[in-house]
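Input: a single structure, listed below in C-alpha cells.
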Amino acid sequence: MYLYFQQALADRVRALLREKYELDLPSVVIEQPPKIALGEFALPLAFELAKRLRKPPRKAAEEVVAALGSVPGFKAFELAGAGYINARLDRGEFVQQMLSRDRGQVASKDKVLVEHTSINPNKAAHIGHLRNAILGDTFVRLLREAAHPVDVQNYIDNTGVQVADVVVGFEHLERKAYPEVEELARQPRFDYYCWDLYARVSQWYEEDSAHKQIRLQTLHKLEEGGNETARLADLISTAILKRHLETMQRLDIVYDFLPRESEILHLHFWDLAFEQMKQKGVLRLEEQGKNKGCWVMKRSSTSTVEATEEDDKVIVRSNGTVTYVGKDIAYHLWKFGLLGRDFGYRRFYRYPDGHDCWISAESGESDHPHFGGVSEIYNVIDSRQSDPQNNVIEALRALGYSDQAARYTHFSYEMVALTPRCAIELGYDVSEEDRKRAYIEVSGRKGFGVKADDLLDALIASAQKEVDARQPERAEQERNRIATQIAIGALRYFMLKFTKNAVIAFDFKDALSFEGETGPYVQYAIVRASNIFRKGGTSAGQSLQEFSLKWRPLLEAEDDIWELWLTAGKLSLMVDQCISTTEPAYLAKYAFQLAQLFNNFYHRHHILTEEDATRKSLLLATAAVVRRELMRTLSILGIEAPDVM
C-alpha cells in the first residue's frame, strides 16, 4: 500500500510541474522523514526546482504546496527546514486500503527467465550451491509477487570437465563397467559416492601429470557423443541430477526446464550462432600470433589503437573446439528467441503438486510448454563468472541485439564458507591456525565441504532438540514437521540476510537462534501473533472483518501503532526495490524490522486484557494485519510459518 500512495504522490507532483513550470521530470525523489511525527513522506524537490527557477528553495516549496491542492489519500503538506515538503497520509484511507488489500488490475507483463542452481552433475550439492539456489528461487518468488510470468531454468553442464573427471574415476581408478555403475546409480546416496570419487581423481591427477591427458581424451568423447564413455557420462549425470532435484525440493525449490549442454552440442546450436557472428563481423580468424587459427571476438570496451591479443576473446580454438563462452552465446541467443532453432523436450521429474520439470532432448514430446523467447534474463552465477557473462553481453551487442543485451542481468553473488566452530561441529579436523580464522573456505575438489543434505539433516536435528523440549506433548510426526520448518526457515533466512556481494561464514548457532536477525525470530513473531487470537477465542480474519473506523482517533494519537501499520504496508515497496536492485536481502531485513516492531508492540500493549472495546479492536486488528503481512513476506522468502515453536 505504501508504494501505491508513494506513486500517487509522485504522479501528482510530476503533473503539477508540467502544468505550472513546463518541466517534465522522469522521476520525483521521495524520502522518509527521520521521525513518523513529521509525516510519512519528504520531498526534497524544491532544492532542484530552485536552481531551475532561480528562487530560494523555501519559496519554490511554498509555490508547490500552494498548487498541489487536494491529493487523494493525503491529509496535508507542510514546509520544513530550508525547503523540504513533508507529506502526511490520511491514516484512515491508508488503513482502509490495507484492510481491503485491493491490488487493482495488474497490467500484463512479458515473460522473464531466471536461471539458477546450475550445479555440475558430478557429485552431491554443497552449501555454496544452496546460496545460489535460494537466491534464485527467492528472486523468482519476488518476480511472481510482482505479477511477472517466470520460466525457471537450471542449466546442466553434462559434458564438461567435472563430469569427465568422475567418468575417469569409474573407468580408470575403479575400472567399473557400465552395469556396475548402473547398479551404484540406483543407490540413494550415489551423489555422495561420486563426491568422494571426484576428490580421489583430483589427487590422482596430481600424482602424475600424464593422467590429465586421459581427462582430455574423456572430455573429447563426451562432447562427441555416440560412444560408451558418453553413455556412461549420461548415466552418471542423469542419476546425480535427480538427486540434486530431490535435495532442492527439500527447500521447496522447483524448476520448469533443464537445458543440457549435450543438446546444445548435438542440435548444433553453435553452428547457427557461428554463422551469425561471422556474417556480422563479430568474429575474425587470426592468421598469426599466439591465437593463430582461432576465431576471436574483439572486446568492445577496447579501442582499436590500443588493442592487443590480450584483449581478444577466443571463441573457437585452433583445433576447432568451441570455448565455454561460445556455447553460452548460442544458448543465450536461444533464450531470447534469436537462434532459429529449438530443443526437443521431454518430461523428467514430477513434483508432489503435479508440476512437471522438463529436460532438453534431441527429439522429444510434441505436446510441451514453450520455453525460451523471453523478454528479460537473470543469470544467478557467482562473481567469479563475471568475465564470461560480460563476454556474452558484448557478443549480443556486437550482433546488433542491444535491447536484449540491456535486459541481460548477471545476478552475481559471493561464496559461502564455514566458521571454524561450524566445521568442527560437522566433524572436520580443523588446525589450530584455521581455528583462529573468521571463516574457512570449502573445496569440493579437495573433498572439504558441506554437502547440502548433510547440512539440512544437521539443522533439522538441532531444531528437533529445541522443539522436543518445548513441545513434548505433541506427536513425533508433528514435532518433526515443526523442526523442519524452523530449520529450512533458518537456512533460507541466513542465506538471504547478507547482501549478495558479501562472503557468508555459515554457523549453526547463529542461524538457528530464536533471538536476533534470524529466520526463527521472524517465525516466532508470527507464532506469537497467532497465539493472541487462539487465546482470545477469535481469529485474525475475524478481527479484521469486525474492525471499523471508530478507532480512528486512537490511531491518530498513537504513533507507535500507526508506524506498525505503515511498515506492514511497505511490502510491495520492498518487493519493487528487491527486483530493481536484484537484492533479496532488503526483503529479509524488512521481515526482521517488521517482526521487531511487532514484538515491541506486543510487550507494550496488553491486548487480550484491554478493557476498552474500541481500543481492543484496534490492537487485535493491528496484530492481525502484521501477522498477515509477515506471513506473506516469509512466503516470498520461501519460509513457512510453524503453528507453534
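Note on naming: chains are A, B, ... as they come in the C-alpha cells, residues start from 1 per chain, ligands start from 1 in the order shown.
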Sorted by chain and rising residue number, list the residues of region 67-171 of chain A at most 8 Å from region 367-388 of chain A (counting only C-alpha atoms), each with its closest atom pair and distance in Å to one decimal, as JSON lines.
```
{"residue": "A:Asp110", "atom": "CA", "partner": "A:Ser375", "partner_atom": "CA", "distance": 6.1}
{"residue": "A:Lys111", "atom": "CA", "partner": "A:Val374", "partner_atom": "CA", "distance": 5.5}
{"residue": "A:Val112", "atom": "CA", "partner": "A:Glu376", "partner_atom": "CA", "distance": 4.9}
{"residue": "A:Leu113", "atom": "CA", "partner": "A:Ile377", "partner_atom": "CA", "distance": 4.9}
{"residue": "A:Val114", "atom": "CA", "partner": "A:Tyr378", "partner_atom": "CA", "distance": 4.8}
{"residue": "A:Glu115", "atom": "CA", "partner": "A:Asn379", "partner_atom": "CA", "distance": 5.0}
{"residue": "A:His116", "atom": "CA", "partner": "A:Val380", "partner_atom": "CA", "distance": 4.9}
{"residue": "A:Thr117", "atom": "CA", "partner": "A:Val380", "partner_atom": "CA", "distance": 7.4}
{"residue": "A:Asn132", "atom": "CA", "partner": "A:Val380", "partner_atom": "CA", "distance": 6.5}
{"residue": "A:Leu135", "atom": "CA", "partner": "A:Val380", "partner_atom": "CA", "distance": 7.7}
{"residue": "A:Gly136", "atom": "CA", "partner": "A:Val380", "partner_atom": "CA", "distance": 6.1}
{"residue": "A:Asp151", "atom": "CA", "partner": "A:Phe371", "partner_atom": "CA", "distance": 7.3}
```
>> Taking the DSSP secondary structure from the backbone, can you list the residues of region 179-272 of chain A that are helix (DSSP H, G or I), as a PyMOL selection string?
In response: chain A and resi 179-185+190-207+211-224+228-249+261-266+269-272
> So how many Å separate CA of Ser318 (chain A) and CA of Cys294 (chain A), to one decimal?
Replying inline: 4.5 Å
>> List the spatial neighbours of Gly83 (chain A) as a ChimeraX atom specification - criterion: any atom at most 10 Å away, only C-alpha atoms, same-chain residues fewer than 5 positions off excluded.
In response: /A:43-47,50,56-62,78
